[in-house]
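Engineer: The following file, final-v7.tsv, comprises TSV, C-alpha atoms and all ligand atoms:
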```
chain	number	residue	atom	x	y	z
A	23	MET	CA	-4.40	-14.24	27.48
A	24	VAL	CA	-7.51	-16.37	27.49
A	25	ASP	CA	-6.92	-20.02	28.07
A	26	GLN	CA	-9.29	-21.75	25.70
A	27	ALA	CA	-9.01	-25.04	27.56
A	28	ASP	CA	-9.46	-23.63	31.08
A	29	PRO	CA	-11.86	-26.07	32.77
A	30	LYS	CA	-13.08	-23.34	35.17
A	31	VAL	CA	-14.68	-21.54	32.26
A	32	GLU	CA	-18.15	-22.94	31.78
A	33	ARG	CA	-19.33	-22.66	28.19
A	34	ILE	CA	-22.65	-22.85	26.44
A	35	GLY	CA	-22.13	-22.20	22.75
A	36	GLU	CA	-18.93	-20.96	21.21
A	37	TYR	CA	-18.86	-17.38	22.52
A	38	ALA	CA	-19.89	-15.60	25.72
A	39	ILE	CA	-21.24	-12.82	23.46
A	40	ASP	CA	-21.82	-12.98	19.74
A	41	ALA	CA	-23.40	-9.80	18.37
A	42	VAL	CA	-24.36	-9.46	14.70
A	43	HIS	CA	-25.34	-6.07	13.24
A	44	LEU	CA	-26.84	-5.09	16.59
A	45	THR	CA	-28.46	-1.63	16.59
A	46	LYS	CA	-30.42	0.34	19.17
A	47	LYS	CA	-32.37	3.49	18.50
A	48	ILE	CA	-33.98	5.42	21.31
A	49	GLY	CA	-36.57	7.71	19.78
A	50	GLN	CA	-34.78	9.48	16.93
A	51	ARG	CA	-31.36	8.91	18.45
A	52	VAL	CA	-29.10	6.06	17.44
A	53	ALA	CA	-27.49	4.89	20.69
A	54	PHE	CA	-25.30	2.31	18.91
A	55	ASP	CA	-25.24	1.15	15.35
A	56	ASP	CA	-24.43	-2.08	13.54
A	57	LEU	CA	-22.28	-3.72	16.21
A	58	SER	CA	-20.80	-7.06	15.22
A	59	PHE	CA	-18.28	-8.60	17.59
A	60	GLN	CA	-17.57	-11.64	19.73
A	61	VAL	CA	-16.40	-11.99	23.30
A	62	GLN	CA	-14.65	-15.24	24.11
A	63	TYR	CA	-15.38	-17.20	27.24
A	64	GLY	CA	-12.88	-16.45	29.99
A	65	GLU	CA	-11.65	-13.12	28.69
A	66	VAL	CA	-11.78	-9.65	30.14
A	67	PHE	CA	-13.15	-7.58	27.29
A	68	GLY	CA	-12.77	-3.80	27.49
A	69	PHE	CA	-15.43	-1.57	25.98
A	70	LEU	CA	-14.14	1.97	25.54
A	71	GLY	CA	-15.56	5.13	24.06
A	72	PRO	CA	-16.35	8.75	24.81
A	73	ASN	CA	-19.39	9.95	26.76
A	74	GLY	CA	-22.54	9.13	24.83
A	75	ALA	CA	-20.79	6.52	22.69
A	76	GLY	CA	-23.43	3.91	23.52
A	77	LYS	CA	-21.53	1.74	26.02
A	78	THR	CA	-24.16	1.62	28.75
A	79	THR	CA	-26.93	1.11	26.21
A	80	THR	CA	-24.97	-1.81	24.73
A	81	VAL	CA	-24.56	-3.32	28.22
A	82	ARG	CA	-28.25	-2.90	28.94
A	83	THR	CA	-29.19	-4.41	25.60
A	84	LEU	CA	-26.87	-7.42	25.88
A	85	GLY	CA	-28.01	-7.75	29.49
A	86	THR	CA	-31.67	-8.14	28.34
A	87	LEU	CA	-32.83	-4.87	29.96
A	88	LEU	CA	-33.50	-3.22	26.56
A	89	ALA	CA	-34.60	-4.85	23.32
A	90	PRO	CA	-32.40	-4.15	20.28
A	91	THR	CA	-33.99	-2.28	17.37
A	92	SER	CA	-32.37	-4.61	14.84
A	93	GLY	CA	-29.67	-7.19	14.51
A	94	SER	CA	-29.20	-10.25	16.68
A	95	ALA	CA	-27.02	-11.57	19.47
A	96	ASN	CA	-26.30	-14.68	21.45
A	97	VAL	CA	-25.43	-14.15	25.09
A	98	VAL	CA	-23.86	-17.10	26.94
A	99	GLY	CA	-24.89	-19.18	23.97
A	100	ILE	CA	-28.58	-18.24	24.21
A	101	GLU	CA	-30.36	-16.18	21.58
A	102	LEU	CA	-31.19	-12.71	22.82
A	103	ASN	CA	-34.97	-12.34	22.72
A	104	SER	CA	-37.76	-11.61	25.17
A	105	GLN	CA	-38.61	-15.32	25.65
A	106	ASN	CA	-35.05	-16.12	26.68
A	107	SER	CA	-34.47	-13.12	28.96
A	108	VAL	CA	-35.00	-14.96	32.23
A	109	GLU	CA	-32.72	-17.80	31.21
A	110	ILE	CA	-29.98	-15.39	30.08
A	111	ARG	CA	-30.33	-13.32	33.25
A	112	SER	CA	-29.86	-16.39	35.44
A	113	ARG	CA	-26.37	-16.78	33.94
A	114	ILE	CA	-25.21	-13.18	33.72
A	115	SER	CA	-25.04	-10.15	35.96
A	116	ILE	CA	-24.77	-6.42	35.44
A	117	MET	CA	-23.11	-4.03	37.83
A	118	PRO	CA	-24.44	-0.60	36.85
A	119	GLU	CA	-22.37	2.55	37.26
A	120	SER	CA	-24.10	3.50	40.50
A	121	PRO	CA	-25.26	0.49	42.48
A	122	GLY	CA	-28.81	1.20	43.68
A	123	LEU	CA	-28.66	0.24	47.35
A	124	TYR	CA	-31.14	0.73	50.18
A	125	ASN	CA	-29.29	3.13	52.45
A	126	ARG	CA	-31.29	2.33	55.57
A	127	LEU	CA	-30.58	-1.38	55.32
A	128	SER	CA	-27.35	-3.12	56.21
A	129	VAL	CA	-25.02	-4.61	53.62
A	130	GLU	CA	-26.35	-8.09	54.38
A	131	GLU	CA	-30.01	-6.98	54.36
A	132	ASN	CA	-29.45	-5.34	50.98
A	133	LEU	CA	-28.05	-8.57	49.59
A	134	GLU	CA	-30.96	-10.52	51.14
A	135	CYS	CA	-33.42	-8.25	49.29
A	136	PHE	CA	-31.69	-8.87	45.97
A	137	ALA	CA	-31.33	-12.60	46.67
A	138	ASP	CA	-35.13	-12.67	47.22
A	139	LEU	CA	-35.64	-10.77	43.99
A	140	TYR	CA	-33.48	-13.26	42.09
A	141	MET	CA	-35.31	-16.09	43.93
A	142	LEU	CA	-32.01	-17.69	44.88
A	143	LYS	CA	-32.42	-21.09	46.52
A	144	ASP	CA	-29.22	-21.04	48.55
A	145	ALA	CA	-29.40	-17.33	49.41
A	146	LYS	CA	-27.55	-17.45	52.76
A	147	GLU	CA	-24.64	-19.37	51.33
A	148	GLN	CA	-24.42	-17.20	48.21
A	149	ILE	CA	-24.49	-14.00	50.27
A	150	SER	CA	-21.57	-15.26	52.35
A	151	VAL	CA	-19.63	-16.33	49.26
A	152	SER	CA	-20.25	-12.96	47.55
A	153	LEU	CA	-19.27	-10.95	50.64
A	154	GLU	CA	-16.14	-13.02	50.99
A	155	ALA	CA	-15.27	-12.52	47.30
A	156	VAL	CA	-15.25	-8.74	47.71
A	157	ASN	CA	-13.67	-8.70	51.20
A	158	LEU	CA	-16.76	-7.29	52.86
A	159	SER	CA	-17.62	-10.02	55.37
A	160	SER	CA	-16.58	-7.82	58.29
A	161	ARG	CA	-18.85	-4.98	57.13
A	162	ARG	CA	-21.98	-7.10	56.65
A	163	ASN	CA	-23.87	-5.34	59.47
A	164	ASP	CA	-22.97	-1.77	58.45
A	165	LEU	CA	-25.78	0.39	57.10
A	166	CYS	CA	-25.24	1.01	53.36
A	167	GLY	CA	-25.92	4.73	53.89
A	168	THR	CA	-22.77	4.96	56.02
A	169	LEU	CA	-20.42	3.38	53.46
A	170	SER	CA	-17.83	5.23	51.38
A	171	LYS	CA	-18.16	5.26	47.59
A	172	GLY	CA	-15.54	2.50	47.23
A	173	LEU	CA	-17.29	0.27	49.74
A	174	ARG	CA	-20.66	0.87	48.08
A	175	GLN	CA	-19.07	-0.15	44.80
A	176	ARG	CA	-17.94	-3.38	46.44
A	177	VAL	CA	-21.46	-4.04	47.75
A	178	GLY	CA	-22.63	-3.52	44.17
A	179	LEU	CA	-20.11	-6.08	43.02
A	180	ALA	CA	-21.18	-8.53	45.77
A	181	ARG	CA	-24.76	-8.06	44.60
A	182	ALA	CA	-23.73	-8.77	41.00
A	183	LEU	CA	-22.03	-11.99	42.14
A	184	LEU	CA	-25.07	-13.37	44.00
A	185	ASN	CA	-26.24	-15.53	41.11
A	186	ASP	CA	-22.71	-16.84	40.42
A	187	PRO	CA	-22.68	-15.34	36.90
A	188	LYS	CA	-20.72	-16.84	34.01
A	189	LEU	CA	-20.66	-13.42	32.34
A	190	LEU	CA	-20.38	-10.21	34.31
A	191	PHE	CA	-20.97	-6.74	32.86
A	192	LEU	CA	-19.17	-4.03	34.81
A	193	ASP	CA	-20.18	-0.50	33.80
A	194	GLU	CA	-17.39	1.85	34.88
A	195	PRO	CA	-16.71	-0.02	38.13
A	196	THR	CA	-13.91	2.34	39.23
A	197	SER	CA	-15.52	5.63	38.29
A	198	GLY	CA	-14.90	8.15	41.06
A	199	LEU	CA	-12.78	5.80	43.17
A	200	ASP	CA	-9.45	6.80	44.68
A	201	PRO	CA	-6.37	5.00	43.32
A	202	ILE	CA	-6.25	2.44	46.14
A	203	ALA	CA	-9.97	1.65	45.98
A	204	ALA	CA	-9.62	1.33	42.19
A	205	LEU	CA	-6.69	-1.06	42.65
A	206	GLU	CA	-8.84	-3.19	44.96
A	207	VAL	CA	-11.51	-3.40	42.28
A	208	HIS	CA	-8.81	-4.37	39.76
A	209	GLU	CA	-7.73	-7.21	42.04
A	210	LEU	CA	-11.32	-8.37	42.36
A	211	ILE	CA	-11.64	-8.38	38.57
A	212	ILE	CA	-8.43	-10.40	38.24
A	213	ASN	CA	-9.72	-12.89	40.87
A	214	LEU	CA	-13.02	-13.25	39.04
A	215	LYS	CA	-11.22	-13.91	35.77
A	216	GLN	CA	-9.11	-16.54	37.51
A	217	ARG	CA	-12.32	-18.16	38.74
A	218	GLY	CA	-13.47	-18.44	35.13
A	219	VAL	CA	-15.90	-15.51	34.94
A	220	THR	CA	-16.04	-13.71	31.58
A	221	ILE	CA	-15.97	-9.95	32.11
A	222	PHE	CA	-17.31	-7.18	29.88
A	223	LEU	CA	-15.81	-3.99	31.25
A	224	THR	CA	-16.71	-0.46	30.23
A	225	THR	CA	-14.26	2.15	31.41
A	226	HIS	CA	-12.83	5.57	30.70
A	227	ARG	CA	-9.57	4.61	32.38
A	228	LEU	CA	-7.29	3.54	29.59
A	229	ASP	CA	-4.54	2.41	31.97
A	230	GLU	CA	-7.12	0.16	33.61
A	231	ALA	CA	-8.14	-1.31	30.26
A	232	GLU	CA	-4.51	-1.81	29.29
A	233	LYS	CA	-3.80	-3.61	32.56
A	234	LEU	CA	-6.89	-5.81	32.80
A	235	CYS	CA	-8.22	-6.52	29.34
A	236	ASP	CA	-7.30	-9.33	26.98
A	237	ARG	CA	-8.92	-7.37	24.15
A	238	VAL	CA	-10.58	-4.01	23.81
A	239	ALA	CA	-13.17	-2.49	21.51
A	240	ILE	CA	-13.44	1.24	20.84
A	241	LEU	CA	-16.99	2.44	20.28
A	242	ASN	CA	-18.31	5.76	19.09
A	243	THR	CA	-21.87	4.78	18.17
A	244	THR	CA	-20.30	2.39	15.66
A	245	LEU	CA	-17.43	0.05	16.44
A	246	LYS	CA	-14.18	1.77	15.51
A	247	MET	CA	-11.68	-0.89	16.37
A	248	ILE	CA	-11.35	-4.19	18.19
A	249	GLY	CA	-8.36	-6.28	19.13
A	250	ARG	CA	-5.54	-6.95	21.55
A	251	THR	CA	-3.94	-3.74	22.77
A	252	ASN	CA	-0.55	-4.73	21.38
A	253	ASP	CA	-1.95	-5.50	17.96
A	254	LEU	CA	-3.90	-2.23	17.88
A	255	ARG	CA	-0.84	-0.12	18.54
A	256	ASN	CA	1.36	-2.15	16.21
A	257	ASN	CA	-1.20	-1.81	13.43
A	258	MET	CA	-1.72	1.89	13.99
A	259	PHE	CA	1.72	3.22	14.60
A	260	ALA	CA	4.91	2.86	12.61
A	261	LYS	CA	7.63	1.10	14.57
A	262	SER	CA	9.88	3.73	16.00
A	263	MET	CA	12.90	4.22	18.21
A	264	ILE	CA	14.05	7.00	20.50
A	265	VAL	CA	17.70	8.07	20.57
A	266	LYS	CA	19.20	10.47	23.13
A	267	THR	CA	22.78	11.71	23.16
A	268	LEU	CA	24.66	13.64	25.82
A	269	ASN	CA	25.71	16.43	23.44
A	270	ALA	CA	23.86	17.64	20.36
A	271	LEU	CA	24.72	15.70	17.19
A	272	GLU	CA	26.66	17.87	14.76
A	273	SER	CA	25.11	16.46	11.67
A	274	PRO	CA	22.16	14.16	12.48
A	275	ALA	CA	21.18	13.82	8.80
A	276	ALA	CA	24.60	12.37	8.00
A	277	VAL	CA	24.21	9.86	10.85
A	278	PHE	CA	20.63	8.69	10.32
A	279	GLU	CA	20.07	8.92	6.57
A	280	ASP	CA	22.51	6.20	5.65
A	281	ILE	CA	21.34	3.63	8.19
A	282	GLU	CA	19.63	0.69	6.55
A	283	GLY	CA	16.11	0.24	7.93
A	284	VAL	CA	15.61	3.85	9.11
A	285	THR	CA	12.74	5.13	6.97
A	286	SER	CA	12.52	8.64	8.47
A	287	TRP	CA	13.73	10.61	11.46
A	288	GLU	CA	12.95	13.83	13.30
A	289	LYS	CA	14.36	15.82	16.18
A	290	SER	CA	12.09	16.26	19.20
A	291	SER	CA	11.81	19.44	21.24
A	292	ASP	CA	13.86	17.90	24.08
A	293	GLY	CA	16.80	17.28	21.73
A	294	SER	CA	16.21	13.54	21.38
A	295	PHE	CA	15.55	11.89	18.01
A	296	SER	CA	12.63	9.80	16.89
A	297	LEU	CA	13.40	7.30	14.14
A	298	ASN	CA	10.83	5.35	12.16
A	299	VAL	CA	12.31	1.94	11.46
A	300	THR	CA	11.35	-1.20	9.59
A	301	SER	CA	12.06	-3.39	12.61
A	302	VAL	CA	13.44	-2.32	15.99
A	303	GLU	CA	15.33	-5.59	16.60
A	304	SER	CA	17.23	-5.57	13.32
A	305	VAL	CA	17.80	-1.82	13.00
A	306	ALA	CA	18.84	-0.95	16.59
A	307	PRO	CA	22.36	-2.43	16.24
A	308	ASN	CA	22.92	-0.41	13.02
A	309	VAL	CA	21.79	2.76	14.77
A	310	THR	CA	24.11	2.09	17.72
A	311	ARG	CA	27.08	1.48	15.40
A	312	ALA	CA	26.37	4.64	13.39
A	313	LEU	CA	26.15	6.77	16.53
A	314	VAL	CA	29.38	5.37	17.94
A	315	LYS	CA	31.11	5.93	14.59
A	316	ALA	CA	29.93	9.56	14.65
A	317	GLY	CA	31.52	9.93	18.09
A	318	ALA	CA	28.20	10.50	19.88
A	319	ASP	CA	27.82	9.83	23.62
A	320	VAL	CA	24.65	7.75	23.62
A	321	ILE	CA	22.61	7.96	26.84
A	322	PHE	CA	19.47	6.22	25.62
A	323	ILE	CA	18.45	4.11	22.69
A	324	GLY	CA	15.24	2.13	22.73
A	325	GLU	CA	11.85	1.39	21.26
A	326	ALA	CA	9.19	4.11	21.40
A	327	HIS	CA	6.21	2.77	23.30
A	328	HIS	CA	2.70	3.75	22.29
A	329	SER	CA	0.04	3.39	24.93
A	330	LEU	CA	-3.60	2.45	24.57
A	331	GLU	CA	-4.24	6.14	25.21
A	332	ASP	CA	-2.34	6.98	21.99
A	333	VAL	CA	-4.50	4.47	20.11
A	334	TYR	CA	-7.69	5.83	21.67
A	335	LEU	CA	-6.85	9.46	20.98
A	336	GLU	CA	-5.93	8.66	17.40
A	337	ILE	CA	-9.26	6.91	16.79
A	338	VAL	CA	-11.66	8.99	18.85
A	339	GLY	CA	-9.83	12.23	18.02
A	340	ALA	CA	-10.04	11.48	14.29
A	341	ASP	CA	-13.73	10.83	14.83
A	342	GLY	CA	-14.27	14.30	16.23
A	343	GLY	CA	-14.30	13.23	19.90
A	344	GLY	CA	-17.51	12.41	21.76
A	345	ASN	CA	-20.53	12.65	19.53
A	346	LYS	CA	-23.36	13.47	21.85
B	1	LIG	N1	-33.40	6.45	27.92
B	1	LIG	C1	-32.84	7.21	26.98
B	1	LIG	N2	-33.56	8.14	26.33
B	1	LIG	C2	-32.99	8.91	25.36
B	1	LIG	N3	-31.72	8.81	24.97
B	1	LIG	C3	-30.96	7.91	25.59
B	1	LIG	C4	-31.46	7.06	26.62
B	1	LIG	N4	-30.46	6.24	27.04
B	1	LIG	C5	-29.39	6.59	26.29
B	1	LIG	N5	-29.68	7.57	25.43
B	1	LIG	C6	-28.75	8.21	24.47
B	1	LIG	O1	-28.02	7.21	23.80
B	1	LIG	C7	-26.67	7.63	23.61
B	1	LIG	C8	-25.73	6.61	24.25
B	1	LIG	O2	-25.83	6.70	25.65
B	1	LIG	P1	-25.04	5.74	26.63
B	1	LIG	O3	-25.52	6.04	28.03
B	1	LIG	O4	-25.19	4.36	26.17
B	1	LIG	O5	-23.54	6.23	26.44
B	1	LIG	P2	-22.23	5.83	27.23
B	1	LIG	O6	-21.23	5.42	26.21
B	1	LIG	O7	-22.55	4.86	28.30
B	1	LIG	O8	-21.77	7.22	27.85
B	1	LIG	P3	-21.02	7.55	29.24
B	1	LIG	O9	-19.57	7.32	29.00
B	1	LIG	O10	-21.32	9.01	29.44
B	1	LIG	O11	-21.60	6.68	30.33
B	1	LIG	C9	-26.58	9.02	24.24
B	1	LIG	O12	-26.77	9.97	23.24
B	1	LIG	C10	-27.73	9.04	25.21
B	1	LIG	O13	-28.17	10.35	25.44
B	2	MG	MG	-22.36	4.87	30.36
```
Go through the file and emit its structure as structure tokens.
Ligand SMILES: Nc1ncnc2c1ncn2[C@@H]1O[C@H](COP(=O)(O)OP(=O)(O)OP(=O)(O)O)[C@@H](O)[C@H]1O
Ligand SMILES: [Mg+2]

Structural biologist:
Amino acid sequence: MVDQADPKVERIGEYAIDAVHLTKKIGQRVAFDDLSFQVQYGEVFGFLGPNGAGKTTTVRTLGTLLAPTSGSANVVGIELNSQNSVEIRSRISIMPESPGLYNRLSVEENLECFADLYMLKDAKEQISVSLEAVNLSSRRNDLCGTLSKGLRQRVGLARALLNDPKLLFLDEPTSGLDPIAALEVHELIINLKQRGVTIFLTTHRLDEAEKLCDRVAILNTTLKMIGRTNDLRNNMFAKSMIVKTLNALESPAAVFEDIEGVTSWEKSSDGSFSLNVTSVESVAPNVTRALVKAGADVIFIGEAHHSLEDVYLEIVGADGGGNK
């Protein structure tokens, strides 16, 4: 979890992001509506939602590239408005889904161009530090046009690190990457967090969000849910246990209905049983005793685990899936 007292995390204001009733309309279309949430300094914050949910537009708005239609926000402690854009941008960075690179220039030349654009004073040093951070120092002279998708993604990340951001927006950084390349990006994200960078991560990979994020928000134009993954699943799903026996139980109702703390039970298609319970810790011993008393050969008894995917499907599915 986020260490509030971590001295590596540089803070201006209380939150890295503080959005209040933020809304963006593009023409007649509402890209996102009435978003109010905070991102704490030092956390990896996951931003999930179906295609067209408004994730990229939120990133672009909080990243000062688009003006909100209404509502307000503070980004790295600075009020989001056109006068403050330059100041905010000097402290944040956005890595867009596809990093726009000049294919005929080398990795290093690309970074030099962007360092010029950002008017970095210590460009040479920052380029070296950024290349080092993404393990690309040995590829600095390669033409960007010759790089694989994963390597291009890493150049994009190096580019986003040039200004040593306190807050980094990553828009689907592992989209289209193979599992090993995606793992490398995960490690880079973990390293950045350890260095004190706050990360706002949009992703469609729920396993990635579950692994990397301190908290997640689920968006579908409006904010559907926000919290720690564990809390979300505990709040959404009844506590339940799975029981498997070697041979079919003769009379499962007689076994389960009298156990204190078992509120309901059902047989699954694979012959195992799913029990809703008031508390796994206090009810599991009762279940074990009842099964032994009934002469059952127990081969598994344990807590049913709901994944972030279950939470997501429950929320986005109930919402009718993607909306655009
Ligand atoms: N420049 C634009 N002009 C018109 N509509 C736009 C524009 N940018 C975004 N939108 C619309 O706003 C909505 C939100 O788009 P956005 O790109 O933010 O979604 P997203 O959550 O990032 O989706 P994805 O997962 O596909 O990347 C969509 O309906 C999209 O078509
Ligand atoms: Mg997007």

Engineer: Give the residues close to ligand LIG 1 (chain B), within 7 Å, counting all atoms listed in the file; write them as a ChimeraX atom specification.

Structural biologist: /A:48-49,51-54,71-80,346

Engineer: Just checking: using all atoms listed in the file, which residue out of A:Ser262, A:Asp56, A:Gly324, A:Asp253 ends up closest to Ser94 in chain A?

Structural biologist: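 Once distances to Ser94 in chain A are computed over all atoms listed in the file, the minimum belongs to A:Asp56.
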
Engineer: May I have the residues within 9 Å of Met258 in chain A as a ChimeraX atom specification, using all atoms listed in the file and disregarding those fewer than 4 positions away in the same chain?

Structural biologist: /A:253-254,333,336

Engineer: Which residues are close to Ala38 in chain A, i.e. within 10 Å by all atoms listed in the file, leaving aside same-chain residues fewer than 6 positions away? Reply as a PDB file with C-alpha atoms, in the frame of the given file.

Structural biologist:
```pdb
ATOM      1  CA  GLU A  32     -18.150 -22.940  31.780  1.00  0.00           C
ATOM      2  CA  GLN A  60     -17.570 -11.640  19.730  1.00  0.00           C
ATOM      3  CA  VAL A  61     -16.400 -11.990  23.300  1.00  0.00           C
ATOM      4  CA  GLN A  62     -14.650 -15.240  24.110  1.00  0.00           C
ATOM      5  CA  TYR A  63     -15.380 -17.200  27.240  1.00  0.00           C
ATOM      6  CA  GLY A  64     -12.880 -16.450  29.990  1.00  0.00           C
ATOM      7  CA  GLU A  65     -11.650 -13.120  28.690  1.00  0.00           C
ATOM      8  CA  ASN A  96     -26.300 -14.680  21.450  1.00  0.00           C
ATOM      9  CA  VAL A  97     -25.430 -14.150  25.090  1.00  0.00           C
ATOM     10  CA  VAL A  98     -23.860 -17.100  26.940  1.00  0.00           C
ATOM     11  CA  GLY A  99     -24.890 -19.180  23.970  1.00  0.00           C
ATOM     12  CA  ILE A 100     -28.580 -18.240  24.210  1.00  0.00           C
ATOM     13  CA  ILE A 114     -25.210 -13.180  33.720  1.00  0.00           C
ATOM     14  CA  LYS A 188     -20.720 -16.840  34.010  1.00  0.00           C
ATOM     15  CA  LEU A 189     -20.660 -13.420  32.340  1.00  0.00           C
ATOM     16  CA  THR A 220     -16.040 -13.710  31.580  1.00  0.00           C
ATOM     17  CA  ILE A 221     -15.970  -9.950  32.110  1.00  0.00           C
ATOM     18  CA  PHE A 222     -17.310  -7.180  29.880  1.00  0.00           C
TER      19      PHE A 222
END
```

Engineer: When distances are computed from all atoms listed in the file, which of A:Thr243, A:Thr83, A:Asp341, A:Val305 shows the smallest separation from Asp280 in chain A?

Structural biologist: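 That would be A:Val305, the residue with the smallest distance to Asp280 in chain A.
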
Engineer: Counting all atoms listed in the file, what is within 8 Å of Ser115 in chain A, bar same-chain residues fewer than 2 positions away, as an MDAnalysis selection string?

Structural biologist: chainID A and resid 85 111:113 117 182:183 185 187 189:191

Engineer: When you count only C-alpha atoms, which of these residues is closest to Leu313 in chain A: A:Ala137, A:Ala239, A:Leu158, A:Val277?

Structural biologist: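 Among the listed residues, the smallest separation from Leu313 in chain A belongs to A:Val277.
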
Engineer: So how many Å separate CA of Thr224 in chain A and CA of Gly93 in chain A, to one decimal?

Structural biologist: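 If I compute the distance from CA of Thr224 in chain A to CA of Gly93 in chain A, I get 21.5 Å.
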
Engineer: Hey, can you pull every residue with an atom no more than 10 Å from (-29.2, 2.0, 50.7), using all atoms listed in the file, and send it as a ChimeraX atom specification?

Structural biologist: /A:121-129,131-132,165-169,174

Engineer: So that I can check the surroundings of Gly218 in chain A, please list as a VMD selection string every protein, DNA and RNA residue that reaches within 7 Å of it, counting only C-alpha atoms and ignoring chain neighbours fewer than 3 positions away.

Structural biologist: chain A and resid 30 to 31 64 214 to 215

Engineer: CA of Val66 in chain A and CA of Arg217 in chain A are how many Å apart?

Structural biologist: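 These atoms are spaced 12.1 Å apart.
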
Engineer: Any chance you could model N, CA and C atoms for range 306-325 of chain A and send them as a tab-separated table (two decimals), in the coordinates of the input?

Structural biologist:
```tsv
chain	number	residue	atom	x	y	z
A	306	ALA	N	18.19	-1.56	15.42
A	306	ALA	CA	18.84	-0.95	16.59
A	306	ALA	C	20.36	-1.12	16.58
A	307	PRO	N	20.90	-2.31	16.26
A	307	PRO	CA	22.36	-2.43	16.24
A	307	PRO	C	23.01	-1.49	15.21
A	308	ASN	N	22.37	-1.32	14.04
A	308	ASN	CA	22.92	-0.41	13.02
A	308	ASN	C	22.96	1.02	13.54
A	309	VAL	N	21.87	1.40	14.25
A	309	VAL	CA	21.79	2.76	14.77
A	309	VAL	C	22.90	2.97	15.80
A	310	THR	N	23.07	1.98	16.67
A	310	THR	CA	24.11	2.09	17.72
A	310	THR	C	25.49	2.25	17.06
A	311	ARG	N	25.76	1.41	16.08
A	311	ARG	CA	27.08	1.48	15.40
A	311	ARG	C	27.29	2.86	14.76
A	312	ALA	N	26.24	3.36	14.09
A	312	ALA	CA	26.37	4.64	13.39
A	312	ALA	C	26.63	5.78	14.38
A	313	LEU	N	25.97	5.71	15.53
A	313	LEU	CA	26.15	6.77	16.53
A	313	LEU	C	27.56	6.72	17.11
A	314	VAL	N	28.02	5.51	17.38
A	314	VAL	CA	29.38	5.37	17.94
A	314	VAL	C	30.40	5.88	16.92
A	315	LYS	N	30.19	5.50	15.66
A	315	LYS	CA	31.11	5.93	14.59
A	315	LYS	C	31.15	7.46	14.48
A	316	ALA	N	29.98	8.09	14.74
A	316	ALA	CA	29.93	9.56	14.65
A	316	ALA	C	30.50	10.22	15.92
A	317	GLY	N	30.92	9.39	16.86
A	317	GLY	CA	31.52	9.93	18.09
A	317	GLY	C	30.50	10.45	19.09
A	318	ALA	N	29.24	10.00	18.97
A	318	ALA	CA	28.20	10.50	19.88
A	318	ALA	C	28.24	9.75	21.21
A	319	ASP	N	27.96	10.48	22.31
A	319	ASP	CA	27.82	9.83	23.62
A	319	ASP	C	26.35	9.45	23.79
A	320	VAL	N	26.06	8.19	23.57
A	320	VAL	CA	24.65	7.75	23.62
A	320	VAL	C	24.23	7.58	25.07
A	321	ILE	N	23.11	8.21	25.47
A	321	ILE	CA	22.61	7.96	26.84
A	321	ILE	C	21.32	7.15	26.83
A	322	PHE	N	20.66	7.09	25.69
A	322	PHE	CA	19.47	6.22	25.62
A	322	PHE	C	19.22	5.83	24.17
A	323	ILE	N	18.91	4.56	24.01
A	323	ILE	CA	18.45	4.11	22.69
A	323	ILE	C	17.44	3.00	22.95
A	324	GLY	N	16.26	3.14	22.42
A	324	GLY	CA	15.24	2.13	22.73
A	324	GLY	C	14.01	2.31	21.87
A	325	GLU	N	13.08	1.38	22.05
A	325	GLU	CA	11.85	1.39	21.26
A	325	GLU	C	10.88	2.44	21.81
```
